[in-house]
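K.L.:
Structure supplied as my_file21.pdb; contents: PDB, C-alpha atoms.
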ATOM      1  CA  MET A  82      -7.111   6.772 -27.453
ATOM      2  CA  ILE A  83      -5.247   7.259 -30.696
ATOM      3  CA  ALA A  84      -4.332   4.295 -32.872
ATOM      4  CA  GLY A  85      -2.937   4.084 -36.368
ATOM      5  CA  VAL A  86      -2.005   1.382 -38.856
ATOM      6  CA  LEU A  87       0.248   1.926 -41.871
ATOM      7  CA  ILE A  88       1.189  -0.509 -44.632
ATOM      8  CA  ALA A  89       3.112   0.767 -47.658
ATOM      9  CA  LEU A  90       5.391  -0.322 -50.474
ATOM     10  CA  LEU A  91       8.222   1.973 -51.537
ATOM     11  CA  LEU A  92       9.993   1.405 -54.882
ATOM     12  CA  LEU A  93      13.441   2.916 -55.350
ATOM     13  CA  LEU A  94      14.784   2.727 -58.899
ATOM     14  CA  MET A  95      18.499   2.070 -59.025
ATOM     15  CA  SER A  96      18.913   2.413 -62.786
ATOM     16  CA  GLY A  97      17.900   4.873 -65.486
ATOM     17  CA  PRO A  98      18.812   8.497 -66.062
ATOM     18  CA  ALA A  99      19.129  10.709 -63.008
ATOM     19  CA  GLN A 100      16.540  13.464 -62.651
ATOM     20  CA  ALA A 101      17.320  16.906 -61.344
ATOM     21  CA  GLN A 102      15.819  17.586 -57.923
ATOM     22  CA  THR A 103      15.481  20.751 -55.904
ATOM     23  CA  PRO A 104      17.763  20.471 -52.838
ATOM     24  CA  THR A 105      15.986  20.311 -49.484
ATOM     25  CA  ILE A 106      16.718  23.012 -46.907
ATOM     26  CA  SER A 107      17.886  20.691 -44.182
ATOM     27  CA  SER A 108      20.570  19.779 -41.675
ATOM     28  CA  ARG A 109      21.704  16.515 -40.109
ATOM     29  CA  LEU A 110      22.637  15.933 -36.479
ATOM     30  CA  ASP A 111      24.666  12.713 -36.256
ATOM     31  CA  ALA A 112      25.185  10.534 -33.197
ATOM     32  CA  GLU A 113      28.510  12.138 -32.272
ATOM     33  CA  THR A 114      27.025  15.630 -32.409
ATOM     34  CA  LEU A 115      24.032  14.606 -30.311
ATOM     35  CA  ARG A 116      26.364  12.949 -27.801
ATOM     36  CA  ASP A 117      28.670  15.952 -27.424
ATOM     37  CA  LEU A 118      26.053  18.707 -27.236
ATOM     38  CA  PRO A 119      25.283  19.945 -23.690
ATOM     39  CA  THR A 120      21.664  18.804 -23.580
ATOM     40  CA  THR A 121      19.272  17.050 -21.205
ATOM     41  CA  ASP A 122      18.681  14.367 -23.873
ATOM     42  CA  ASN A 123      15.599  16.271 -24.984
ATOM     43  CA  LEU A 124      15.072  16.454 -28.742
ATOM     44  CA  PHE A 125      13.192  19.739 -28.573
ATOM     45  CA  SER A 126      15.916  21.537 -26.633
ATOM     46  CA  VAL A 127      18.324  20.578 -29.450
ATOM     47  CA  LEU A 128      15.939  21.827 -32.147
ATOM     48  CA  GLU A 129      15.418  25.106 -30.285
ATOM     49  CA  THR A 130      19.146  25.802 -29.945
ATOM     50  CA  THR A 131      20.686  24.421 -33.164
ATOM     51  CA  GLN A 132      18.092  25.350 -35.795
ATOM     52  CA  PRO A 133      17.863  29.144 -36.241
ATOM     53  CA  SER A 134      14.815  28.935 -38.514
ATOM     54  CA  ILE A 135      12.706  27.030 -35.980
ATOM     55  CA  VAL A 136      10.112  28.681 -33.731
ATOM     56  CA  SER A 137       9.115  26.902 -30.506
ATOM     57  CA  ASP A 138       6.407  27.616 -27.939
ATOM     58  CA  ARG A 139       8.776  26.936 -25.025
ATOM     59  CA  PHE A 140      12.333  26.244 -23.883
ATOM     60  CA  SER A 141      12.604  22.575 -22.989
ATOM     61  CA  ALA A 142      16.053  22.189 -21.370
ATOM     62  CA  GLY A 143      15.431  20.669 -17.937
ATOM     63  CA  LEU A 144      11.731  21.555 -18.135
ATOM     64  CA  TYR A 145       8.485  20.005 -19.388
ATOM     65  CA  VAL A 146       9.530  16.379 -18.876
ATOM     66  CA  GLY A 147       7.470  14.064 -21.074
ATOM     67  CA  GLN A 148       5.835  16.966 -22.938
ATOM     68  CA  PRO A 149       6.772  17.594 -26.576
ATOM     69  CA  ALA A 150       7.023  21.226 -27.609
ATOM     70  CA  ARG A 151       5.176  22.721 -30.570
ATOM     71  CA  VAL A 152       7.738  23.652 -33.218
ATOM     72  CA  SER A 153       7.518  25.057 -36.725
ATOM     73  CA  SER A 154       9.788  26.642 -39.326
ATOM     74  CA  PHE A 155       9.610  29.846 -41.341
ATOM     75  CA  PHE A 156       5.917  30.717 -41.907
ATOM     76  CA  SER A 157       4.452  27.223 -41.518
ATOM     77  CA  SER A 158       2.085  26.274 -38.707
ATOM     78  CA  TYR A 159       3.186  23.873 -35.970
ATOM     79  CA  THR A 160       0.159  21.748 -36.923
ATOM     80  CA  GLU A 161       1.945  20.959 -40.212
ATOM     81  CA  THR A 162       5.090  19.555 -38.543
ATOM     82  CA  VAL A 163       5.815  15.901 -39.346
ATOM     83  CA  PHE A 164       7.912  13.394 -37.361
ATOM     84  CA  ARG A 165       9.103  10.208 -39.067
ATOM     85  CA  LEU A 166      10.911   7.114 -37.837
ATOM     86  CA  GLY A 167      12.498   5.725 -40.971
ATOM     87  CA  ASP A 168       9.620   5.421 -43.453
ATOM     88  CA  VAL A 169       6.909   5.643 -40.785
ATOM     89  CA  ASP A 170       4.989   8.757 -39.757
ATOM     90  CA  LEU A 171       4.908   9.159 -35.955
ATOM     91  CA  THR A 172       2.961  12.447 -35.908
ATOM     92  CA  ASP A 173      -0.117  12.780 -33.705
ATOM     93  CA  PRO A 174      -3.071  12.455 -36.130
ATOM     94  CA  SER A 175      -5.190  14.828 -34.000
ATOM     95  CA  GLY A 176      -3.356  17.791 -35.563
ATOM     96  CA  SER A 177      -1.265  18.870 -32.573
ATOM     97  CA  GLY A 178       1.942  18.764 -34.629
ATOM     98  CA  GLN A 179       3.636  16.636 -31.939
ATOM     99  CA  PRO A 180       4.998  13.068 -32.038
ATOM    100  CA  LEU A 181       3.035  10.240 -30.422
ATOM    101  CA  LEU A 182       6.186   9.254 -28.499
ATOM    102  CA  VAL A 183       8.821  11.681 -27.191
ATOM    103  CA  PRO A 184      12.158  10.671 -28.779
ATOM    104  CA  ASP A 185      15.309  10.211 -26.667
ATOM    105  CA  LEU A 186      18.434  11.577 -28.349
ATOM    106  CA  SER A 187      20.589   8.554 -27.534
ATOM    107  CA  LEU A 188      18.567   6.195 -29.764
ATOM    108  CA  TRP A 189      19.424   7.650 -33.156
ATOM    109  CA  GLU A 190      22.259   7.304 -35.634
ATOM    110  CA  HIS A 191      21.232  10.700 -36.970
ATOM    111  CA  VAL A 192      18.349  13.178 -36.863
ATOM    112  CA  ASP A 193      17.431  15.005 -40.083
ATOM    113  CA  VAL A 194      15.719  18.380 -39.827
ATOM    114  CA  ALA A 195      14.129  19.713 -43.047
ATOM    115  CA  THR A 196      12.740  23.237 -42.830
ATOM    116  CA  GLY A 197      11.809  23.856 -46.473
ATOM    117  CA  LEU A 198      11.506  22.355 -49.960
ATOM    118  CA  THR A 199      10.861  18.917 -48.458
ATOM    119  CA  PRO A 200      10.551  15.967 -50.888
ATOM    120  CA  ILE A 201       7.029  15.013 -51.871
ATOM    121  CA  GLU A 202       7.345  11.535 -50.335
ATOM    122  CA  THR A 203       7.892  13.134 -46.920
ATOM    123  CA  GLY A 204       4.351  14.475 -46.863
ATOM    124  CA  ALA A 205       5.321  17.550 -44.834
ATOM    125  CA  PRO A 206       4.152  21.024 -45.919
ATOM    126  CA  GLY A 207       6.201  22.507 -43.084
ATOM    127  CA  LEU A 208       8.917  21.272 -40.731
ATOM    128  CA  ALA A 209       9.950  17.604 -41.093
ATOM    129  CA  VAL A 210      12.020  15.776 -38.472
ATOM    130  CA  GLY A 211      13.313  12.303 -39.370
ATOM    131  CA  PHE A 212      14.995   9.710 -37.145
ATOM    132  CA  GLU A 213      17.291   6.885 -38.185
ATOM    133  CA  PRO A 214      17.892   4.366 -35.368
ATOM    134  CA  ARG A 215      21.332   3.222 -34.322
ATOM    135  CA  ARG A 216      22.596   0.039 -35.968
ATOM    136  CA  PRO A 217      23.658  -2.869 -33.735
ATOM    137  CA  ALA A 218      27.366  -2.972 -33.008
ATOM    138  CA  ALA A 219      29.656  -5.643 -34.465
ATOM    139  CA  ARG A 220      30.589  -6.737 -30.935
ATOM    140  CA  TRP A 221      28.722  -6.413 -27.669
ATOM    141  CA  THR A 222      28.841  -2.989 -26.056
ATOM    142  CA  ARG A 223      27.043  -1.771 -22.937
ATOM    143  CA  THR A 224      26.606   1.729 -21.558
ATOM    144  CA  ILE A 225      24.868   3.210 -18.540
ATOM    145  CA  SER A 226      24.654   6.852 -17.535
ATOM    146  CA  GLY A 227      22.964   9.044 -14.964
ATOM    147  CA  THR A 228      22.507  12.788 -14.525
ATOM    148  CA  ARG A 229      20.965  14.911 -11.801
ATOM    149  CA  PHE A 230      20.712  18.569 -10.900
ATOM    150  CA  GLY A 231      18.970  20.262  -7.999
ATOM    151  CA  ALA A 232      16.414  23.003  -7.642
ATOM    152  CA  THR A 233      17.062  26.579  -8.716
ATOM    153  CA  GLU A 234      16.950  29.549  -6.373
ATOM    154  CA  PRO A 235      13.495  30.961  -5.602
ATOM    155  CA  ALA A 236      12.386  33.891  -7.700
ATOM    156  CA  GLY A 237      13.482  37.302  -6.446
ATOM    157  CA  PRO A 238      11.448  40.514  -6.299
ATOM    158  CA  GLY A 239       9.689  41.706  -9.406
ATOM    159  CA  VAL A 240       7.829  39.745 -12.039
ATOM    160  CA  PRO A 241       8.385  36.000 -11.409
ATOM    161  CA  PRO A 242       9.518  33.746 -14.288
ATOM    162  CA  ILE A 243       6.865  31.840 -16.203
ATOM    163  CA  VAL A 244       8.420  28.574 -15.064
ATOM    164  CA  ARG A 245      11.575  27.511 -13.221
ATOM    165  CA  PRO A 246      12.980  24.004 -12.563
ATOM    166  CA  ASP A 247      12.830  22.333  -9.162
ATOM    167  CA  GLY A 248      15.169  19.415  -9.849
ATOM    168  CA  TRP A 249      15.766  16.980 -12.690
ATOM    169  CA  SER A 250      17.238  13.472 -12.906
ATOM    170  CA  ARG A 251      17.752  10.874 -15.603
ATOM    171  CA  VAL A 252      19.181   7.372 -15.889
ATOM    172  CA  SER A 253      19.628   5.433 -19.128
ATOM    173  CA  ALA A 254      21.203   2.172 -20.271
ATOM    174  CA  ALA A 255      21.874   0.542 -23.643
ATOM    175  CA  ALA A 256      23.308  -2.716 -24.981
ATOM    176  CA  SER A 257      24.107  -3.679 -28.556
ATOM    177  CA  GLY A 258      25.687  -6.585 -30.367
ATOM    178  CA  PRO A 259      25.280  -9.810 -32.391
ATOM    179  CA  LEU A 260      22.692 -12.390 -31.328
ATOM    180  CA  LEU A 261      22.940 -15.199 -33.893
ATOM    181  CA  GLY A 262      25.472 -16.218 -36.558
ATOM    182  CA  ASP A 263      25.700 -18.866 -39.252
ATOM    183  CA  GLY A 264      28.229 -21.666 -39.611
ATOM    184  CA  SER A 265      30.760 -19.396 -41.316
ATOM    185  CA  GLY A 266      30.729 -16.881 -38.465
ATOM    186  CA  VAL A 267      28.674 -14.235 -40.264
ATOM    187  CA  THR A 268      26.193 -12.424 -37.999
ATOM    188  CA  ARG A 269      22.615 -12.989 -39.160
ATOM    189  CA  LEU A 270      20.718 -11.509 -36.223
ATOM    190  CA  ALA A 271      21.818  -8.498 -34.160
ATOM    191  CA  GLY A 272      20.080  -6.230 -31.691
ATOM    192  CA  TYR A 273      20.142  -2.836 -30.040
ATOM    193  CA  PHE A 274      18.297  -2.401 -26.717
ATOM    194  CA  ALA A 275      17.883   0.772 -24.668
ATOM    195  CA  GLY A 276      15.861   2.064 -21.750
ATOM    196  CA  SER A 277      15.609   5.352 -19.873
ATOM    197  CA  SER A 278      13.757   7.033 -17.027
ATOM    198  CA  THR A 279      13.532  10.797 -16.488
ATOM    199  CA  ARG A 280      11.962  12.697 -13.603
ATOM    200  CA  GLY A 281      11.609  16.399 -13.029
ATOM    201  CA  ALA A 282       9.690  19.074 -11.169
ATOM    202  CA  GLN A 283       9.056  22.730 -11.908
ATOM    203  CA  PHE A 284       7.303  25.783 -10.519
ATOM    204  CA  PHE A 285       4.726  27.548 -12.656
ATOM    205  CA  ARG A 286       4.023  31.224 -12.093
ATOM    206  CA  ALA A 287       0.361  30.656 -11.176
ATOM    207  CA  GLU A 288       1.075  27.832  -8.682
ATOM    208  CA  THR A 289       2.778  27.736  -5.292
ATOM    209  CA  ARG A 290       3.823  24.064  -5.305
ATOM    210  CA  ALA A 291       6.155  22.312  -7.723
ATOM    211  CA  ALA A 292       4.504  20.164 -10.379
ATOM    212  CA  ARG A 293       6.109  16.771 -10.961
ATOM    213  CA  ALA A 294       6.555  14.945 -14.258
ATOM    214  CA  SER A 295       8.152  11.686 -15.363
ATOM    215  CA  THR A 296       8.694   9.583 -18.455
ATOM    216  CA  SER A 297      10.077   6.071 -18.957
ATOM    217  CA  SER A 298      10.682   4.233 -22.194
ATOM    218  CA  GLY A 299      12.056   0.990 -23.590
ATOM    219  CA  PHE A 300      13.381   0.566 -27.139
ATOM    220  CA  ALA A 301      14.468  -2.533 -29.076
ATOM    221  CA  LEU A 302      15.822  -2.926 -32.612
ATOM    222  CA  LEU A 303      16.416  -6.311 -34.264
ATOM    223  CA  VAL A 304      18.213  -6.631 -37.614
ATOM    224  CA  PHE A 305      17.938  -9.975 -39.434
ATOM    225  CA  THR A 306      20.029 -10.507 -42.595
ATOM    226  CA  PRO A 307      19.202 -13.908 -44.129
ATOM    227  CA  SER A 308      21.461 -13.068 -47.093
ATOM    228  CA  GLU A 309      23.702 -10.297 -48.368
ATOM    229  CA  GLN A 310      20.852  -9.048 -50.541
ATOM    230  CA  SER A 311      18.018  -8.730 -48.037
ATOM    231  CA  GLU A 312      17.430  -7.407 -44.544
ATOM    232  CA  LEU A 313      14.544  -7.353 -42.075
ATOM    233  CA  GLN A 314      14.554  -4.578 -39.470
ATOM    234  CA  THR A 315      12.055  -4.659 -36.584
ATOM    235  CA  ILE A 316      11.537  -1.905 -33.997
ATOM    236  CA  GLY A 317       9.563  -2.080 -30.759
ATOM    237  CA  TRP A 318       9.103   1.008 -28.593
ATOM    238  CA  VAL A 319       6.984   1.618 -25.483
ATOM    239  CA  GLN A 320       6.760   4.780 -23.383
ATOM    240  CA  GLN A 321       4.856   5.941 -20.300
ATOM    241  CA  SER A 322       4.640   9.599 -19.261
ATOM    242  CA  ALA A 323       2.901  11.636 -16.555
ATOM    243  CA  TYR A 324       2.903  15.441 -16.563
ATOM    244  CA  PRO A 325       0.757  18.482 -15.631
ATOM    245  CA  LEU A 326      -2.390  18.900 -17.694
ATOM    246  CA  GLU A 327      -2.091  22.013 -19.860
ATOM    247  CA  SER A 328      -5.708  23.126 -19.220
ATOM    248  CA  ARG A 329      -5.647  22.428 -15.483
ATOM    249  CA  VAL A 330      -6.023  26.080 -14.375
ATOM    250  CA  ALA A 331      -9.237  26.476 -16.367
ATOM    251  CA  PHE A 332     -10.708  23.555 -14.372
ATOM    252  CA  GLY A 333      -9.426  24.741 -11.006
ATOM    253  CA  ALA A 334      -6.776  22.024 -10.711
ATOM    254  CA  SER A 335      -3.046  22.155 -10.008
ATOM    255  CA  GLY A 336      -0.140  20.241 -11.495
ATOM    256  CA  ALA A 337       0.903  19.353  -7.943
ATOM    257  CA  ASP A 338      -2.441  17.829  -6.915
ATOM    258  CA  ASP A 339      -1.913  14.459  -5.261
ATOM    259  CA  ASP A 340      -5.243  13.120  -6.550
ATOM    260  CA  GLY A 341      -4.080  13.420 -10.166
ATOM    261  CA  THR A 342      -6.859  15.782 -11.292
ATOM    262  CA  GLY A 343      -4.322  18.211 -12.743
ATOM    263  CA  ARG A 344      -2.161  15.613 -14.463
ATOM    264  CA  SER A 345      -2.156  13.696 -17.739
ATOM    265  CA  GLU A 346      -0.893  10.143 -18.174
ATOM    266  CA  ASP A 347       0.151   8.732 -21.536
ATOM    267  CA  LEU A 348       0.913   5.133 -22.459
ATOM    268  CA  ALA A 349       2.202   4.758 -26.012
ATOM    269  CA  SER A 350       3.509   1.776 -27.959
ATOM    270  CA  HIS A 351       4.949   1.457 -31.447
ATOM    271  CA  LEU A 352       5.903  -1.501 -33.623
ATOM    272  CA  GLN A 353       7.304  -1.370 -37.141
ATOM    273  CA  ALA A 354       9.076  -3.726 -39.523
ATOM    274  CA  THR A 355      10.917  -3.055 -42.780
ATOM    275  CA  TRP A 356      12.058  -5.657 -45.284
ATOM    276  CA  GLU A 357      14.562  -4.353 -47.820
ATOM    277  CA  ARG A 358      15.821  -6.068 -50.969
ATOM    278  CA  HIS A 359      18.962  -4.712 -52.655
ATOM    279  CA  ARG A 360      20.292  -6.965 -55.397
ATOM    280  CA  PRO A 361      23.197  -5.674 -57.508
ATOM    281  CA  ASN A 362      22.190  -4.081 -60.827
ATOM    282  CA  ALA A 363      18.501  -4.583 -60.052
ATOM    283  CA  ARG A 364      15.576  -2.610 -58.750
ATOM    284  CA  ARG A 365      15.884  -1.854 -55.058
ATOM    285  CA  TRP A 366      12.727  -1.904 -52.963
ATOM    286  CA  ARG A 367      11.493  -2.197 -49.420
ATOM    287  CA  LEU A 368       8.217  -3.152 -47.759
ATOM    288  CA  PHE A 369       7.307  -1.718 -44.380
ATOM    289  CA  ALA A 370       4.397  -1.893 -41.939
ATOM    290  CA  SER A 371       3.747  -0.256 -38.589
ATOM    291  CA  TYR A 372       1.253   0.021 -35.732
ATOM    292  CA  THR A 373       1.168   2.876 -33.205
ATOM    293  CA  ARG A 374      -1.180   3.311 -30.252
ATOM    294  CA  ARG A 375      -1.466   5.880 -27.479
ATOM    295  CA  ASP A 376      -3.869   5.931 -24.534
ATOM    296  CA  ARG A 377      -4.258   9.143 -22.544
ATOM    297  CA  GLN A 378      -5.929   9.898 -19.195
ATOM    298  CA  PRO A 379      -7.918  11.841 -18.167
TER     299      PRO A 379
END
Rewrite the structure from the file as structure tokens, please.
P.N.:
Amino acid sequence: MIAGVLIALLLLLMSGPAQAQTPTISSRLDAETLRDLPTTDNLFSVLETTQPSIVSDRFSAGLYVGQPARVSSFFSSYTETVFRLGDVDLTDPSGSGQPLLVPDLSLWEHVDVATGLTPIETGAPGLAVGFEPRRPAARWTRTISGTRFGATEPAGPGVPPIVRPDGWSRVSAAASGPLLGDGSGVTRLAGYFAGSSTRGAQFFRAETRAARASTSSGFALLVFTPSEQSELQTIGWVQQSAYPLESRVAFGASGADDDGTGRSEDLASHLQATWERHRPNARRWRLFASYTRRDRQP
């Protein structure tokens, strides 16, 4: 079990002389780019293919469902990688350099990838990956999508591949729009809701049967604006994953075992809220709090 609680106050000064800052070595992947890229909606496959300075321990496209890769940049260790959702750190505190929840690409307005010279408030000595969730739409929109591909051909003569896919499927749905307005027709409460389920199987070189994996998640964002000068944003996120245990071979187990001895199961939940105050010609500040929990078996 891993649980974390974070409460912080961030002050952003809107007045006074500007101070020179060293520019961060970074890039931004916006929602349109993430939508148009030929991906399996896996964040790590995008990082591996769009960021030339990133080193990964695997290729994730269509493989390793529910398992985050270990990524780093330049000469930093993957244990120093930081993942942030808005102001909140989502990195596994055990030092694995992986997020506590595996992010779907369709949830974000943009993904920021900083590989060097990161700002001090980021708290990342190495790679920093930041997510900004999609804002609710001005009018109700709904989307649903599904993707599936079959198994690859069996390995030919010679040295077999380390891993090859044996089928992959995904279905996702999202809805966004206003929930509550005032007497003048101004939206005061809006929401964005999304859910997804992904299943896959793959052959490992040391095993004769395909190992199965799956992950399902639900995501909700509520934005409450009591006035033009303040906003309360609340995020709820829950995810369940099952995948082959990395150390299964050392214990004589297989990722395809029906009794589950060679598999890991994760149940993670995250809740965060941010209240922001932005009055004209005044100090701008925001208060945020979060709670993240993950339970893992075995």
K.L.:
For the provided coordinates, the residues matched by the PyMOL selection byres ((chain A and resi 222-231) around 6) should be stated as a list in words.
P.N.:
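Taken over the shown coordinates, the PyMOL selection byres ((chain A and resi 222-231) around 6) returns Trp221, Ala232, Gly248, Trp249, Ser250, Arg251, Val252, Ser253, Ala254, Ala255, Ala256 and Ser257 of chain A.
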K.L.:
Take the residues just selected and output them with C-alpha atoms as a PDB file, in the frame of the given file.
P.N.:
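Written out: selection.pdb:
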ATOM      1  CA  TRP A 221      28.722  -6.413 -27.669  1.00  0.00           C
ATOM      2  CA  ALA A 232      16.414  23.003  -7.642  1.00  0.00           C
ATOM      3  CA  GLY A 248      15.169  19.415  -9.849  1.00  0.00           C
ATOM      4  CA  TRP A 249      15.766  16.980 -12.690  1.00  0.00           C
ATOM      5  CA  SER A 250      17.238  13.472 -12.906  1.00  0.00           C
ATOM      6  CA  ARG A 251      17.752  10.874 -15.603  1.00  0.00           C
ATOM      7  CA  VAL A 252      19.181   7.372 -15.889  1.00  0.00           C
ATOM      8  CA  SER A 253      19.628   5.433 -19.128  1.00  0.00           C
ATOM      9  CA  ALA A 254      21.203   2.172 -20.271  1.00  0.00           C
ATOM     10  CA  ALA A 255      21.874   0.542 -23.643  1.00  0.00           C
ATOM     11  CA  ALA A 256      23.308  -2.716 -24.981  1.00  0.00           C
ATOM     12  CA  SER A 257      24.107  -3.679 -28.556  1.00  0.00           C
TER      13      SER A 257
END
K.L.:
With distances taken over only C-alpha atoms, which residue among A:Tyr159, A:Phe212, A:Phe125, A:Tyr273 lies nearest Gly176 of chain A?
P.N.:
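Once distances to Gly176 of chain A are computed over only C-alpha atoms, the minimum belongs to A:Tyr159.
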K.L.:
Using all atoms listed in the file, tabulate the residues of segment 124-198 of chain A lying at most 10 Å from any atom of segment 342-349 of chain A, each with its closest atom pair and that distance in Å to one decimal, by chain and increasing residue number, as JSON lines.
P.N.:
{"residue": "A:Gly147", "atom": "CA", "partner": "A:Asp347", "partner_atom": "CA", "distance": 9.1}
{"residue": "A:Leu181", "atom": "CA", "partner": "A:Ala349", "partner_atom": "CA", "distance": 7.1}
{"residue": "A:Leu182", "atom": "CA", "partner": "A:Ala349", "partner_atom": "CA", "distance": 6.5}
{"residue": "A:Val183", "atom": "CA", "partner": "A:Ala349", "partner_atom": "CA", "distance": 9.7}
K.L.:
Take the PyMOL selection byres ((chain A and resi 163) around 8), apply it to the structure above, and return the hits as a ChimeraX atom specification.
P.N.:
/A:161-162,164-165,170-172,178-180,204-205,207-210
K.L.:
So that I can check the surroundings of Asp185 of chain A, please list as a short mmCIF file (atom, residue, chain, number, x, y, z; two decimals) with C-alpha atoms, in the coordinates of the input every protein, DNA and RNA residue that reaches within 7 Å of it, counting all atoms listed in the file and ignoring chain neighbours fewer than 4 positions away.
P.N.:
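Wrote result_9.cif, looks like this:
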data_model
loop_
_atom_site.label_atom_id
_atom_site.label_comp_id
_atom_site.auth_asym_id
_atom_site.auth_seq_id
_atom_site.Cartn_x
_atom_site.Cartn_y
_atom_site.Cartn_z
CA ASP A 122 18.68 14.37 -23.87
CA ASN A 123 15.60 16.27 -24.98
CA LEU A 124 15.07 16.45 -28.74
#
K.L.:
Could you check which residues have any atom within 10 Å of (31.1, -8.1, -34.7), counting all atoms listed in the file with coordinates taken straight from the file, and then list them as a PyMOL selection string?
P.N.:
chain A and resi 217-221+258-259+266-268+271
K.L.:
Under the PyMOL selection byres ((chain A and resi 308-312) around 6), which residues of this model are included? Write them out as a list in words.
P.N.:
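Taken on the displayed file, the PyMOL selection byres ((chain A and resi 308-312) around 6) yields the residues Phe305, Thr306, Pro307, Leu313, Trp356, Glu357, Arg358, His359 and Arg360 of chain A.
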K.L.:
Please compute the atom CA of Ser371 of chain A-atom CA of Ala354 of chain A distance, one decimal, in Å.
P.N.:
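Atom CA of Ser371 of chain A sits 6.4 Å away from atom CA of Ala354 of chain A.
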K.L.:
Leaving out Val152 of chain A and any residue of its chain fewer than 4 positions from it, which residues lie within 7 Å of it when counting all atoms listed in the file, given as a PDB file with C-alpha atoms, keeping the file's coordinate frame?
P.N.:
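For reference, out-v5.pdb as written:
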ATOM      1  CA  ILE A 135      12.706  27.030 -35.980  1.00  0.00           C
ATOM      2  CA  VAL A 136      10.112  28.681 -33.731  1.00  0.00           C
ATOM      3  CA  SER A 137       9.115  26.902 -30.506  1.00  0.00           C
ATOM      4  CA  ASP A 138       6.407  27.616 -27.939  1.00  0.00           C
ATOM      5  CA  TYR A 159       3.186  23.873 -35.970  1.00  0.00           C
TER       6      TYR A 159
END
K.L.:
When you count all atoms listed in the file, which of these residues is closest to Ala337 of chain A: A:Thr289, A:Ser297, A:Gln321, A:Ser350?
P.N.:
A:Thr289
K.L.:
Would you compute an axis-aligned box for segment 170-179 of chain A, covering every atom listed for it in the file with 3 Å of margin on each side, and report centre and edge lengths in Å to one decimal as lines of an AutoDock Vina configuration file?
P.N.:
center_x = -0.1
center_y = 13.8
center_z = -35.8
size_x = 16.2
size_y = 16.1
size_z = 13.8
K.L.:
Considering only C-alpha atoms, can you say which of A:Gly239, A:Gly197, A:Pro184, A:Gly333 comes closest to His351 of chain A?
P.N.:
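Checking each candidate against His351 of chain A, we get A:Pro184 as the closest.
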K.L.:
If I take atom CA of Ser134 of chain A and atom CA of Val146 of chain A, how far is one from the other in Å, to one decimal?
P.N.:
23.9 Å
K.L.:
Could you add the missing atoms to segment 325-337 of chain A, up to N, CA and C atoms, and return them as a short mmCIF file (atom, residue, chain, number, x, y, z; two decimals), in the coordinates of the input?
P.N.:
data_model
loop_
_atom_site.label_atom_id
_atom_site.label_comp_id
_atom_site.auth_asym_id
_atom_site.auth_seq_id
_atom_site.Cartn_x
_atom_site.Cartn_y
_atom_site.Cartn_z
N PRO A 325 1.89 17.59 -15.93
CA PRO A 325 0.76 18.48 -15.63
C PRO A 325 -0.13 18.70 -16.86
N LEU A 326 -1.42 18.66 -16.64
CA LEU A 326 -2.39 18.90 -17.69
C LEU A 326 -2.34 20.37 -18.10
N GLU A 327 -2.25 20.64 -19.40
CA GLU A 327 -2.09 22.01 -19.86
C GLU A 327 -3.29 22.89 -19.48
N SER A 328 -4.50 22.34 -19.48
CA SER A 328 -5.71 23.13 -19.22
C SER A 328 -6.16 23.02 -17.77
N ARG A 329 -5.25 22.68 -16.86
CA ARG A 329 -5.65 22.43 -15.48
C ARG A 329 -6.19 23.68 -14.79
N VAL A 330 -5.61 24.86 -15.06
CA VAL A 330 -6.02 26.08 -14.38
C VAL A 330 -7.47 26.42 -14.71
N ALA A 331 -7.86 26.18 -15.96
CA ALA A 331 -9.24 26.48 -16.37
C ALA A 331 -10.25 25.62 -15.61
N PHE A 332 -9.81 24.44 -15.10
CA PHE A 332 -10.71 23.56 -14.37
C PHE A 332 -10.46 23.60 -12.87
N GLY A 333 -9.66 24.57 -12.43
CA GLY A 333 -9.43 24.74 -11.01
C GLY A 333 -8.52 23.70 -10.41
N ALA A 334 -7.68 23.06 -11.21
CA ALA A 334 -6.78 22.02 -10.71
C ALA A 334 -5.35 22.54 -10.71
N SER A 335 -4.45 21.80 -10.08
CA SER A 335 -3.05 22.16 -10.01
C SER A 335 -2.20 20.98 -10.47
N GLY A 336 -1.04 21.30 -11.06
CA GLY A 336 -0.14 20.24 -11.50
C GLY A 336 0.47 19.48 -10.35
N ALA A 337 0.36 20.02 -9.12
CA ALA A 337 0.90 19.35 -7.94
C ALA A 337 -0.15 18.61 -7.15
#
